[in-house]
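A.B. asks: query.cif is the file, holding mmCIF, C-alpha atoms:
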data_upload
#
loop_
_atom_site.label_atom_id
_atom_site.label_comp_id
_atom_site.auth_asym_id
_atom_site.auth_seq_id
_atom_site.Cartn_x
_atom_site.Cartn_y
_atom_site.Cartn_z
CA MET F 1 -33.96 69.42 21.09
CA LYS F 2 -32.53 70.80 24.27
CA LEU F 3 -32.86 69.23 27.67
CA MET F 4 -32.69 71.34 30.77
CA ASN F 5 -31.68 69.87 34.08
CA MET F 6 -30.88 72.54 36.63
CA ASN F 7 -27.56 73.91 35.40
CA GLU F 8 -27.09 71.15 32.85
CA GLU F 9 -27.95 71.66 29.23
CA ILE F 10 -27.69 68.87 26.69
CA ASP F 11 -28.25 69.43 23.01
CA LEU F 12 -28.84 66.04 21.38
CA VAL F 13 -27.98 67.24 17.86
CA LYS F 14 -24.66 68.68 19.03
CA LEU F 15 -24.03 65.57 21.10
CA GLU F 16 -24.56 63.37 18.04
CA GLN F 17 -22.24 65.60 16.00
CA ALA F 18 -19.57 65.47 18.70
CA THR F 19 -19.86 61.68 18.77
CA PHE F 20 -19.50 61.54 14.98
CA ARG F 21 -16.39 63.74 15.17
CA THR F 22 -14.82 61.58 17.88
CA ALA F 23 -15.61 58.34 16.05
CA ASN F 24 -14.17 59.59 12.74
CA GLN F 25 -11.15 61.57 13.88
CA ASP F 26 -8.77 58.73 12.95
CA GLY F 27 -8.93 59.92 9.31
CA LEU F 28 -9.69 56.48 7.88
CA THR F 29 -12.90 57.60 6.18
CA GLU F 30 -11.14 60.41 4.28
CA PHE F 31 -8.23 58.08 3.48
CA TRP F 32 -10.42 55.40 1.87
CA MET F 33 -12.60 57.92 0.06
CA GLY F 34 -9.48 59.57 -1.37
CA LEU F 35 -8.00 56.26 -2.49
CA MET F 36 -11.28 55.33 -4.15
CA ILE F 37 -11.51 58.61 -6.07
CA MET F 38 -7.89 58.34 -7.24
CA ALA F 39 -8.46 54.74 -8.34
CA ILE F 40 -11.50 55.80 -10.36
CA GLY F 41 -9.39 58.54 -11.94
CA MET F 42 -6.72 56.01 -12.88
CA LEU F 43 -9.40 53.83 -14.44
CA LEU F 44 -9.55 56.37 -17.25
CA VAL F 45 -5.83 55.80 -17.87
CA SER F 46 -5.89 52.02 -17.66
CA SER F 47 -8.82 49.62 -17.32
CA SER F 48 -6.66 47.38 -15.13
CA PHE F 49 -7.50 49.74 -12.25
CA ALA F 50 -11.02 48.27 -12.24
CA ALA F 51 -9.56 45.33 -10.31
CA TYR F 52 -8.01 47.75 -7.84
CA ILE F 53 -11.40 49.45 -7.30
CA ALA F 54 -13.05 46.04 -6.82
CA LEU F 55 -10.42 45.14 -4.21
CA ILE F 56 -11.06 48.39 -2.31
CA ILE F 57 -14.83 47.81 -2.32
CA ILE F 58 -14.51 44.16 -1.22
CA PHE F 59 -11.86 44.54 1.48
CA GLN F 60 -12.41 48.12 2.70
CA VAL F 61 -14.74 47.20 5.56
CA ALA F 62 -12.62 44.29 6.82
CA VAL F 63 -9.32 46.18 6.51
CA THR F 64 -10.76 49.28 8.18
CA GLU F 65 -12.02 47.20 11.08
CA ARG F 66 -8.57 45.59 11.51
CA ILE F 67 -6.89 49.00 11.52
CA LYS F 68 -9.46 50.37 13.97
CA GLU F 69 -8.93 47.36 16.27
CA LYS F 70 -5.22 48.12 16.36
CA TYR F 71 -5.08 51.94 16.31
CA THR F 72 -8.47 53.52 17.00
CA TYR F 73 -10.31 51.48 19.64
CA PRO F 74 -7.36 51.19 22.06
CA ARG F 75 -7.15 55.00 22.03
CA ILE F 76 -10.71 56.30 22.14
CA GLY F 77 -12.84 53.23 22.68
CA ARG F 78 -15.49 51.69 20.51
CA VAL F 79 -18.74 53.27 19.37
CA LYS F 80 -21.30 52.21 16.83
CA LEU F 81 -23.15 55.16 15.34
CA LYS F 82 -26.85 54.70 14.63
CA GLU F 83 -26.67 54.62 10.84
CA GLU F 84 -23.89 52.04 10.79
CA SER F 85 -26.27 49.26 11.76
CA GLU F 86 -29.32 50.53 9.91
CA ILE F 87 -27.85 51.18 6.47
CA PRO F 88 -25.57 48.58 4.83
CA SER F 89 -23.53 51.27 3.07
CA THR F 90 -22.97 54.88 4.04
CA PRO F 91 -24.34 57.57 1.72
CA GLY F 92 -20.75 58.43 0.88
CA TRP F 93 -20.09 55.00 -0.53
CA ILE F 94 -23.34 55.09 -2.47
CA ALA F 95 -22.18 58.38 -4.00
CA PHE F 96 -18.85 56.83 -4.93
CA ALA F 97 -20.58 53.82 -6.44
CA ILE F 98 -22.53 56.25 -8.63
CA ILE F 99 -19.32 58.04 -9.57
CA ALA F 100 -17.69 54.69 -10.37
CA ILE F 101 -20.58 53.79 -12.66
CA ILE F 102 -20.27 57.18 -14.39
CA ALA F 103 -16.51 56.73 -14.80
CA ILE F 104 -16.81 53.18 -16.10
CA SER F 105 -19.60 54.24 -18.46
CA ALA F 106 -17.46 57.12 -19.70
CA ALA F 107 -14.56 54.73 -20.28
CA PHE F 108 -16.86 52.33 -22.11
CA ILE F 109 -18.39 55.09 -24.25
CA SER F 110 -14.92 56.38 -25.12
CA THR F 111 -14.16 53.05 -26.83
CA ARG F 112 -17.49 52.83 -28.69
CA ALA F 113 -19.10 56.21 -29.16
CA ASP F 114 -18.52 58.97 -31.62
CA TYR F 115 -15.38 60.97 -30.83
CA ALA F 116 -17.34 64.23 -30.57
CA VAL F 117 -19.53 62.72 -27.82
CA VAL F 118 -16.43 61.52 -25.97
CA ILE F 119 -14.94 65.01 -26.09
CA LEU F 120 -18.21 66.52 -24.84
CA ILE F 121 -18.40 64.09 -21.89
CA ALA F 122 -14.73 64.50 -21.00
CA THR F 123 -15.00 68.30 -21.11
CA TRP F 124 -18.07 68.59 -18.90
CA ALA F 125 -17.41 65.72 -16.50
CA PRO F 126 -15.03 67.58 -14.09
CA LEU F 127 -17.49 70.46 -13.77
CA ILE F 128 -20.42 68.11 -13.10
CA LEU F 129 -18.43 66.09 -10.58
CA GLY F 130 -17.26 69.31 -8.91
CA VAL F 131 -20.92 70.08 -8.26
CA VAL F 132 -21.70 66.47 -7.26
CA PHE F 133 -18.89 66.54 -4.66
CA LEU F 134 -20.68 69.34 -2.83
CA TRP F 135 -23.15 66.73 -1.63
CA PRO F 136 -20.78 64.48 0.42
CA SER F 137 -19.18 67.70 1.64
CA ALA F 138 -22.53 69.00 2.92
CA TYR F 139 -23.30 65.57 4.39
CA LEU F 140 -20.08 65.66 6.44
CA VAL F 141 -20.87 69.20 7.64
CA GLU F 142 -24.31 68.08 8.79
CA ARG F 143 -23.02 64.97 10.55
CA SER F 144 -20.01 66.55 12.21
CA GLY F 145 -21.12 70.13 12.74
CA LEU F 146 -17.76 71.24 11.30
CA LYS F 147 -18.12 73.83 8.54
CA ARG F 148 -14.55 73.20 7.40
CA TYR F 149 -15.81 70.17 5.44
CA TYR F 150 -17.33 72.67 3.01
CA ALA F 151 -13.72 73.43 2.03
CA PHE F 152 -13.46 70.08 0.25
CA GLY F 153 -16.65 70.64 -1.74
CA ILE F 154 -15.73 74.21 -2.65
CA SER F 155 -12.16 73.30 -3.64
CA THR F 156 -13.34 70.43 -5.87
CA LEU F 157 -15.91 72.75 -7.44
CA ILE F 158 -13.21 75.35 -8.18
CA LEU F 159 -10.98 72.58 -9.54
CA GLY F 160 -13.84 71.35 -11.75
CA VAL F 161 -14.45 74.86 -13.13
CA LEU F 162 -10.73 75.41 -13.80
CA LEU F 163 -10.31 72.09 -15.57
CA PHE F 164 -13.44 72.80 -17.61
CA LEU F 165 -12.04 76.15 -18.76
CA ILE F 166 -8.40 75.16 -19.37
CA PRO F 167 -7.73 73.56 -22.78
CA PHE F 168 -6.09 70.12 -22.73
CA PRO F 169 -4.45 68.19 -25.59
CA HIS F 170 -6.45 65.10 -24.66
CA PRO F 171 -9.96 65.72 -23.24
CA ALA F 172 -9.86 62.71 -20.88
CA ASP F 173 -6.90 64.29 -19.07
CA ARG F 174 -9.31 66.74 -17.43
CA MET F 175 -11.20 63.97 -15.70
CA THR F 176 -8.06 62.07 -14.68
CA LEU F 177 -6.52 65.21 -13.20
CA PHE F 178 -9.73 66.10 -11.40
CA MET F 179 -10.01 62.68 -9.77
CA LEU F 180 -6.33 62.50 -8.88
CA PHE F 181 -6.29 65.99 -7.35
CA SER F 182 -9.54 65.68 -5.39
CA GLY F 183 -8.71 62.12 -4.27
CA GLY F 184 -5.20 63.22 -3.37
CA ILE F 185 -6.52 66.07 -1.21
CA LEU F 186 -8.75 63.64 0.70
CA THR F 187 -6.06 60.98 1.10
CA LEU F 188 -3.62 63.59 2.37
CA ALA F 189 -6.24 64.91 4.79
CA GLY F 190 -6.83 61.35 5.99
CA VAL F 191 -3.13 60.63 6.55
CA THR F 192 -2.71 63.98 8.37
CA SER F 193 -5.69 63.20 10.59
CA MET F 194 -4.30 59.73 11.30
CA LEU F 195 -0.92 61.12 12.37
CA ARG F 196 -2.54 63.80 14.53
CA PHE F 197 -4.86 61.23 16.06
CA THR F 198 -2.10 58.79 17.05
CA ARG F 199 -0.09 61.63 18.61
CA LYS F 200 -3.03 63.18 20.43
CA TYR F 201 -4.36 59.96 21.92
CA PRO F 202 -1.90 57.52 23.48
CA ILE F 203 -2.95 53.87 23.70
CA LEU F 204 -4.78 53.42 27.00
CA GLU F 205 -3.15 51.03 29.43
CA LEU F 206 -5.31 48.60 31.39
CA GLU F 207 -5.01 50.63 34.58
CA ASP F 208 -6.17 53.77 32.71
CA VAL F 209 -9.30 52.01 31.57
CA GLY F 210 -10.08 50.58 35.00
CA VAL F 211 -10.93 47.36 36.73
CA GLU F 212 -13.52 46.48 34.09
CA GLN F 213 -10.78 45.55 31.63
CA GLU F 214 -9.08 43.29 34.14
CA GLU F 215 -12.11 41.05 34.62
CA MET W 1 -49.16 71.79 37.66
CA TRP W 2 -47.00 69.42 35.66
CA ALA W 3 -45.95 66.99 38.39
CA LEU W 4 -48.65 67.26 41.03
CA SER W 5 -52.20 65.91 41.11
CA LYS W 6 -55.23 67.79 42.46
CA LYS W 7 -54.54 66.36 45.90
CA ASN W 8 -51.13 67.99 45.75
CA GLU W 9 -49.48 64.57 45.43
CA PRO W 10 -47.10 63.55 42.67
CA ASP W 11 -48.90 62.46 39.51
CA ALA W 12 -47.38 59.11 38.49
CA ASP W 13 -47.76 59.83 34.76
CA LEU W 14 -46.04 63.19 34.92
CA GLU W 15 -43.50 62.57 37.63
CA ILE W 16 -39.90 63.26 36.70
CA ASP W 17 -37.81 60.09 36.53
CA ARG W 18 -35.27 60.65 39.29
CA VAL W 19 -32.99 57.90 37.98
CA ILE W 20 -32.49 59.84 34.73
CA HIS W 21 -32.74 63.28 36.34
CA GLU W 22 -29.38 62.90 38.12
CA PRO W 23 -26.91 64.93 35.96
CA SER W 24 -24.29 62.21 35.42
CA ARG W 25 -26.89 59.61 34.55
CA LEU W 26 -28.64 62.08 32.25
CA LYS W 27 -25.35 62.54 30.38
CA ILE W 28 -24.90 58.79 30.06
CA MET W 29 -28.48 58.30 28.87
CA ALA W 30 -28.18 61.16 26.34
CA GLN W 31 -24.87 59.81 25.02
CA LEU W 32 -26.24 56.29 24.62
CA TYR W 33 -29.43 57.69 23.09
CA VAL W 34 -27.55 59.15 20.10
CA VAL W 35 -25.55 55.98 19.36
CA GLU W 36 -26.31 52.34 18.71
CA SER W 37 -23.79 51.15 21.29
CA ALA W 38 -20.53 52.15 22.95
CA ASP W 39 -17.98 50.66 25.29
CA TYR W 40 -16.69 51.83 28.69
CA THR W 41 -13.59 53.50 27.26
CA PHE W 42 -15.58 55.57 24.80
CA LEU W 43 -18.07 56.73 27.43
CA MET W 44 -15.29 57.56 29.90
CA LYS W 45 -13.40 59.68 27.39
CA GLN W 46 -16.45 61.29 25.83
CA LEU W 47 -18.12 62.18 29.13
CA GLY W 48 -14.99 62.82 31.18
CA PHE W 49 -15.95 60.33 33.89
CA THR W 50 -13.71 58.09 35.93
CA TRP W 51 -14.24 54.36 35.60
CA GLY W 52 -15.62 54.11 39.14
CA ASN W 53 -18.07 56.94 38.65
CA LEU W 54 -19.25 55.60 35.31
CA SER W 55 -19.54 52.08 36.66
CA SER W 56 -21.70 53.07 39.64
CA HIS W 57 -24.12 55.07 37.48
CA LEU W 58 -24.30 52.33 34.86
CA THR W 59 -25.07 49.77 37.56
CA ARG W 60 -28.03 51.90 38.63
CA LEU W 61 -29.24 52.34 35.05
CA GLU W 62 -28.81 48.62 34.38
CA LYS W 63 -30.74 47.76 37.55
CA GLU W 64 -33.54 50.05 36.36
CA GLY W 65 -33.59 48.19 33.02
CA TYR W 66 -32.55 51.27 31.03
CA VAL W 67 -29.12 50.09 29.92
CA LEU W 68 -28.06 46.72 28.56
CA VAL W 69 -24.52 45.64 29.46
CA GLU W 70 -23.10 42.88 27.27
CA LYS W 71 -19.80 41.29 28.23
CA GLU W 72 -17.83 39.05 25.91
CA PHE W 73 -14.28 37.93 25.19
CA VAL W 74 -12.77 38.73 21.80
CA ASP W 75 -9.26 37.42 21.14
CA LYS W 76 -8.96 36.63 24.87
CA LYS W 77 -9.65 40.28 25.74
CA PRO W 78 -12.76 41.40 27.64
CA ARG W 79 -15.13 43.65 25.75
CA THR W 80 -18.10 45.34 27.37
CA THR W 81 -20.72 46.87 25.10
CA LEU W 82 -23.38 49.21 26.42
CA CYS W 83 -26.61 50.29 24.82
CA LEU W 84 -30.00 51.66 25.78
CA THR W 85 -32.81 49.14 26.09
CA ASP W 86 -36.24 49.85 24.58
CA ALA W 87 -37.43 50.71 28.08
CA GLY W 88 -34.47 53.08 28.42
CA ARG W 89 -35.30 54.87 25.16
CA LYS W 90 -38.94 55.17 26.14
CA ALA W 91 -38.03 56.46 29.60
CA PHE W 92 -35.62 58.98 28.10
CA ASN W 93 -38.18 60.22 25.57
CA ARG W 94 -40.74 60.54 28.34
CA TYR W 95 -38.25 62.45 30.46
CA ARG W 96 -37.56 64.81 27.53
CA ALA W 97 -41.28 65.43 27.04
CA ILE W 98 -41.89 66.13 30.73
CA MET W 99 -38.88 68.42 31.01
CA LYS W 100 -39.98 70.29 27.89
CA ASP W 101 -43.38 70.86 29.51
CA VAL W 102 -41.72 71.97 32.73
CA ILE W 103 -39.61 74.56 30.90
CA GLU W 104 -42.53 75.79 28.79
CA GLU W 105 -44.80 76.18 31.80
CA LEU W 106 -42.34 78.37 33.65
CA PRO W 107 -43.49 81.99 33.87
CA GLU W 108 -41.62 84.59 31.82
#
Have the structure of the file written as structure tokens, please.
C.D. replies:
Amino acid sequence: MKLMNMNEEIDLVKLEQATFRTANQDGLTEFWMGLMIMAIGMLLVSSSFAAYIALIIIFQVAVTERIKEKYTYPRIGRVKLKEESEIPSTPGWIAFAIIAIIAISAAFISTRADYAVVILIATWAPLILGVVFLWPSAYLVERSGLKRYYAFGISTLILGVLLFLIPFPHPADRMTLFMLFSGGILTLAGVTSMLRFTRKYPILELEDVGVEQEE
Amino acid sequence: MWALSKKNEPDADLEIDRVIHEPSRLKIMAQLYVVESADYTFLMKQLGFTWGNLSSHLTRLEKEGYVLVEKEFVDKKPRTTLCLTDAGRKAFNRYRAIMKDVIEELPE
């Protein structure tokens, strides 16, 4: 909806998208998502990574808040987006929880089920996940207004198709590679965003913020 | 006419809220409308206002009951959180509706 006020024009949808972009430009969301995907991928190599995933889920919110207190808020201020207080977990994390369940189930089946079933699951899984990853990609495009987030979804889809077509000596390697590559891309994007963010925005001194901070 | 009664006097129900209608305050209201809450620093950077400018407009909005200003100390540092009140959200929605009517009623 657009508001007109003489020469002023405010588009609430674009304003919300701009706010989302500002609030998430520190790269922490991509960083954690990437780490989570890689950890799930490593779960297929060793079940001991289940503990690592549990640690990420348990401490992610608290650790993120500590990092934001130190690096993000002193630079751009503090904002709470609407959904943050209404939904206990973001849709992205729900998606990753689903992926985690799929990965754990696949790992469990691989120890119990018929080998032919295991091969079938391991062969198709990267392709299916490549399609599934289009959803968080589209979600980020909608929230931020930045079409470049489609790049992640498209690249994971291409990766899924390639890994589905290329023969591997061990079928589970497809899934591991898919998760490591896609998680790695996100983690790298997160770290790059973090570095760019800290360079672009210096920490605001008290006098920059104004008298309000000196009260 | 959208804002005048038959006696050519402003109709209270359709009158444009002049507190919100001021461009800087409209920006603040719109920004706070799309978030749950924000602090001074965020609003300053996002809207490109100086602290003094932002403070004076927020004082007016707070006085009108549209914005809630919460001040607290966290780790010995002051933290001021701002959010729209229910009255503020209602007033903003009403303003949007009236302005939409105004625009639609304009001749081609």
A.B. asks: Output the contact residues of chain W with respect to chain F at a cut-off of 9 Å, based on all atoms listed in the file, as a ChimeraX atom specification.
C.D. replies: /W:21-23,26-27,30-31,33-46,50-52,55,77-81,96,99-100,103
A.B. asks: Could you spell out the hits of the PyMOL selection byres ((chain F and resi 188) around 12) on the shown file, as a list in words?
C.D. replies: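 When the PyMOL selection byres ((chain F and resi 188) around 12) is applied to the shown file, the picked residues are Gly27, Leu28, Thr29, Glu30, Phe31, Trp32, Met33, Gly34, Leu35, Met38, Phe152, Leu180, Phe181, Ser182, Gly183, Gly184, Ile185, Leu186, Thr187, Ala189, Gly190, Val191, Thr192, Ser193, Met194 and Leu195 of chain F.
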A.B. asks: Between F:Ser144, F:Thr72, F:Thr156, F:Thr198, single out the one closest to Ile128 in chain F, counting only C-alpha atoms.
C.D. replies: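 Using only C-alpha atoms, Ile128 in chain F sits closest to F:Thr156.
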A.B. asks: On this structure, the PyMOL selection byres ((chain F and resi 178) around 12) would catch which residues? List them as a PyMOL selection string, sorted by chain and number.
C.D. replies: chain F and resi 34+37-42+44+122-130+133+155-164+171-177+179-185
A.B. asks: Around range 69-84 of chain W, fit a box with edges along x, y and z, padding it by 6 Å on each side, then list its centre and edge lengths in Å to one decimal as AutoDock Vina command-line options.
C.D. replies:
--center_x -19.5 --center_y 44.1 --center_z 25.3 --size_x 33.0 --size_y 27.0 --size_z 20.3
A.B. asks: Counting all atoms listed in the file, which residue out of F:Asp26, F:Ala151, F:Phe168, F:Pro136 sits closest to Tyr71 in chain F?
C.D. replies: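 Selected residue with least distance to Tyr71 in chain F: F:Asp26.
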A.B. asks: Step by step, work through what the PyMOL selection byres ((chain W and resi 58) around 12) selects in the shown file, and finish by giving those residues as number ranges by chain.
C.D. replies: W: 19-20, 24-29, 32, 39-40, 43-44, 49, 51-57, 59-69, 80-84
A.B. asks: For a test of reading the model, state the distance in Å between CA of Asp114 in chain F and CA of Ser48 in chain F, rounded to one decimal.
C.D. replies: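 Computing the Euclidean distance for CA of Asp114 in chain F and CA of Ser48 in chain F yields 23.4 Å.
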A.B. asks: May I ask for the distance between CA of Asp86 in chain W and CA of Arg18 in chain W, given in Å to one decimal place?
C.D. replies: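 Going from CA of Asp86 in chain W over to CA of Arg18 in chain W, I get 18.3 Å.
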A.B. asks: Residues near Ala51 in chain F, anyone? I mean within 12 Å using all atoms listed in the file, not counting same-chain ones fewer than 4 positions away, as a PyMOL selection string.
C.D. replies: chain F and resi 36+39-40+42-43+46-47+55-58
A.B. asks: So how far away is CA of Leu106 in chain W from CA of Ile16 in chain W, in Å?
C.D. replies: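 Value for the CA of Ile16 in chain W-CA of Leu106 in chain W distance: 15.6 Å.
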A.B. asks: Assuming the input is short of atoms at range 43-77 of chain W, produce N, CA and C atoms for that part as a PDB file, keeping the file's coordinate frame.
C.D. replies:
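As written to disk, rebuild-v2.pdb reads:
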ATOM      1  N   LEU W  43     -17.229  55.897  26.543  1.00  0.00           N
ATOM      2  CA  LEU W  43     -18.070  56.730  27.430  1.00  0.00           C
ATOM      3  C   LEU W  43     -17.200  57.519  28.412  1.00  0.00           C
ATOM      4  N   MET W  44     -16.176  56.864  28.954  1.00  0.00           N
ATOM      5  CA  MET W  44     -15.290  57.560  29.900  1.00  0.00           C
ATOM      6  C   MET W  44     -14.654  58.783  29.261  1.00  0.00           C
ATOM      7  N   LYS W  45     -14.101  58.582  28.062  1.00  0.00           N
ATOM      8  CA  LYS W  45     -13.400  59.680  27.390  1.00  0.00           C
ATOM      9  C   LYS W  45     -14.370  60.762  26.917  1.00  0.00           C
ATOM     10  N   GLN W  46     -15.501  60.334  26.400  1.00  0.00           N
ATOM     11  CA  GLN W  46     -16.450  61.290  25.830  1.00  0.00           C
ATOM     12  C   GLN W  46     -17.135  62.123  26.925  1.00  0.00           C
ATOM     13  N   LEU W  47     -17.399  61.484  28.061  1.00  0.00           N
ATOM     14  CA  LEU W  47     -18.120  62.180  29.130  1.00  0.00           C
ATOM     15  C   LEU W  47     -17.202  62.746  30.199  1.00  0.00           C
ATOM     16  N   GLY W  48     -15.946  62.321  30.185  1.00  0.00           N
ATOM     17  CA  GLY W  48     -14.990  62.820  31.180  1.00  0.00           C
ATOM     18  C   GLY W  48     -15.218  62.226  32.564  1.00  0.00           C
ATOM     19  N   PHE W  49     -15.710  61.000  32.612  1.00  0.00           N
ATOM     20  CA  PHE W  49     -15.950  60.330  33.890  1.00  0.00           C
ATOM     21  C   PHE W  49     -14.771  59.426  34.241  1.00  0.00           C
ATOM     22  N   THR W  50     -14.658  59.126  35.539  1.00  0.00           N
ATOM     23  CA  THR W  50     -13.710  58.090  35.930  1.00  0.00           C
ATOM     24  C   THR W  50     -14.418  56.750  35.778  1.00  0.00           C
ATOM     25  N   TRP W  51     -13.615  55.672  35.766  1.00  0.00           N
ATOM     26  CA  TRP W  51     -14.240  54.360  35.600  1.00  0.00           C
ATOM     27  C   TRP W  51     -15.209  54.078  36.745  1.00  0.00           C
ATOM     28  N   GLY W  52     -14.789  54.387  37.969  1.00  0.00           N
ATOM     29  CA  GLY W  52     -15.620  54.110  39.140  1.00  0.00           C
ATOM     30  C   GLY W  52     -16.943  54.848  39.099  1.00  0.00           C
ATOM     31  N   ASN W  53     -16.877  56.113  38.747  1.00  0.00           N
ATOM     32  CA  ASN W  53     -18.070  56.940  38.650  1.00  0.00           C
ATOM     33  C   ASN W  53     -19.027  56.396  37.582  1.00  0.00           C
ATOM     34  N   LEU W  54     -18.442  56.118  36.423  1.00  0.00           N
ATOM     35  CA  LEU W  54     -19.250  55.600  35.310  1.00  0.00           C
ATOM     36  C   LEU W  54     -19.886  54.265  35.689  1.00  0.00           C
ATOM     37  N   SER W  55     -19.076  53.418  36.300  1.00  0.00           N
ATOM     38  CA  SER W  55     -19.540  52.080  36.660  1.00  0.00           C
ATOM     39  C   SER W  55     -20.723  52.131  37.638  1.00  0.00           C
ATOM     40  N   SER W  56     -20.620  53.007  38.642  1.00  0.00           N
ATOM     41  CA  SER W  56     -21.700  53.070  39.640  1.00  0.00           C
ATOM     42  C   SER W  56     -23.008  53.567  39.013  1.00  0.00           C
ATOM     43  N   HIS W  57     -22.906  54.560  38.130  1.00  0.00           N
ATOM     44  CA  HIS W  57     -24.120  55.070  37.480  1.00  0.00           C
ATOM     45  C   HIS W  57     -24.705  54.046  36.499  1.00  0.00           C
ATOM     46  N   LEU W  58     -23.813  53.342  35.803  1.00  0.00           N
ATOM     47  CA  LEU W  58     -24.300  52.330  34.860  1.00  0.00           C
ATOM     48  C   LEU W  58     -24.971  51.171  35.590  1.00  0.00           C
ATOM     49  N   THR W  59     -24.451  50.845  36.755  1.00  0.00           N
ATOM     50  CA  THR W  59     -25.070  49.770  37.560  1.00  0.00           C
ATOM     51  C   THR W  59     -26.505  50.154  37.903  1.00  0.00           C
ATOM     52  N   ARG W  60     -26.685  51.423  38.275  1.00  0.00           N
ATOM     53  CA  ARG W  60     -28.030  51.900  38.630  1.00  0.00           C
ATOM     54  C   ARG W  60     -28.960  51.869  37.406  1.00  0.00           C
ATOM     55  N   LEU W  61     -28.430  52.313  36.280  1.00  0.00           N
ATOM     56  CA  LEU W  61     -29.240  52.340  35.050  1.00  0.00           C
ATOM     57  C   LEU W  61     -29.559  50.913  34.579  1.00  0.00           C
ATOM     58  N   GLU W  62     -28.592  50.014  34.766  1.00  0.00           N
ATOM     59  CA  GLU W  62     -28.810  48.620  34.380  1.00  0.00           C
ATOM     60  C   GLU W  62     -29.875  47.982  35.282  1.00  0.00           C
ATOM     61  N   LYS W  63     -29.775  48.293  36.574  1.00  0.00           N
ATOM     62  CA  LYS W  63     -30.740  47.760  37.550  1.00  0.00           C
ATOM     63  C   LYS W  63     -32.156  48.244  37.219  1.00  0.00           C
ATOM     64  N   GLU W  64     -32.239  49.465  36.708  1.00  0.00           N
ATOM     65  CA  GLU W  64     -33.540  50.050  36.360  1.00  0.00           C
ATOM     66  C   GLU W  64     -34.068  49.496  35.030  1.00  0.00           C
ATOM     67  N   GLY W  65     -33.184  48.767  34.317  1.00  0.00           N
ATOM     68  CA  GLY W  65     -33.590  48.190  33.020  1.00  0.00           C
ATOM     69  C   GLY W  65     -33.454  49.166  31.868  1.00  0.00           C
ATOM     70  N   TYR W  66     -32.708  50.252  32.071  1.00  0.00           N
ATOM     71  CA  TYR W  66     -32.550  51.270  31.030  1.00  0.00           C
ATOM     72  C   TYR W  66     -31.346  50.991  30.124  1.00  0.00           C
ATOM     73  N   VAL W  67     -30.345  50.336  30.688  1.00  0.00           N
ATOM     74  CA  VAL W  67     -29.120  50.090  29.920  1.00  0.00           C
ATOM     75  C   VAL W  67     -28.832  48.583  29.894  1.00  0.00           C
ATOM     76  N   LEU W  68     -28.422  48.118  28.703  1.00  0.00           N
ATOM     77  CA  LEU W  68     -28.060  46.720  28.560  1.00  0.00           C
ATOM     78  C   LEU W  68     -26.529  46.625  28.532  1.00  0.00           C
ATOM     79  N   VAL W  69     -25.977  45.806  29.399  1.00  0.00           N
ATOM     80  CA  VAL W  69     -24.520  45.640  29.460  1.00  0.00           C
ATOM     81  C   VAL W  69     -24.194  44.238  28.949  1.00  0.00           C
ATOM     82  N   GLU W  70     -23.461  44.186  27.845  1.00  0.00           N
ATOM     83  CA  GLU W  70     -23.100  42.880  27.270  1.00  0.00           C
ATOM     84  C   GLU W  70     -21.593  42.675  27.395  1.00  0.00           C
ATOM     85  N   LYS W  71     -21.227  41.591  28.052  1.00  0.00           N
ATOM     86  CA  LYS W  71     -19.800  41.290  28.230  1.00  0.00           C
ATOM     87  C   LYS W  71     -19.420  40.071  27.409  1.00  0.00           C
ATOM     88  N   GLU W  72     -18.306  40.179  26.710  1.00  0.00           N
ATOM     89  CA  GLU W  72     -17.830  39.050  25.910  1.00  0.00           C
ATOM     90  C   GLU W  72     -16.304  39.093  25.827  1.00  0.00           C
ATOM     91  N   PHE W  73     -15.729  37.982  25.387  1.00  0.00           N
ATOM     92  CA  PHE W  73     -14.280  37.930  25.190  1.00  0.00           C
ATOM     93  C   PHE W  73     -13.994  37.827  23.698  1.00  0.00           C
ATOM     94  N   VAL W  74     -13.179  38.750  23.197  1.00  0.00           N
ATOM     95  CA  VAL W  74     -12.770  38.730  21.800  1.00  0.00           C
ATOM     96  C   VAL W  74     -11.254  38.677  21.767  1.00  0.00           C
ATOM     97  N   ASP W  75     -10.709  37.635  21.148  1.00  0.00           N
ATOM     98  CA  ASP W  75      -9.260  37.420  21.140  1.00  0.00           C
ATOM     99  C   ASP W  75      -8.691  37.439  22.565  1.00  0.00           C
ATOM    100  N   LYS W  76      -9.372  36.765  23.461  1.00  0.00           N
ATOM    101  CA  LYS W  76      -8.960  36.630  24.870  1.00  0.00           C
ATOM    102  C   LYS W  76      -8.977  37.952  25.633  1.00  0.00           C
ATOM    103  N   LYS W  77      -9.563  38.991  25.035  1.00  0.00           N
ATOM    104  CA  LYS W  77      -9.650  40.280  25.740  1.00  0.00           C
ATOM    105  C   LYS W  77     -11.108  40.567  26.080  1.00  0.00           C
TER     106      LYS W  77
END
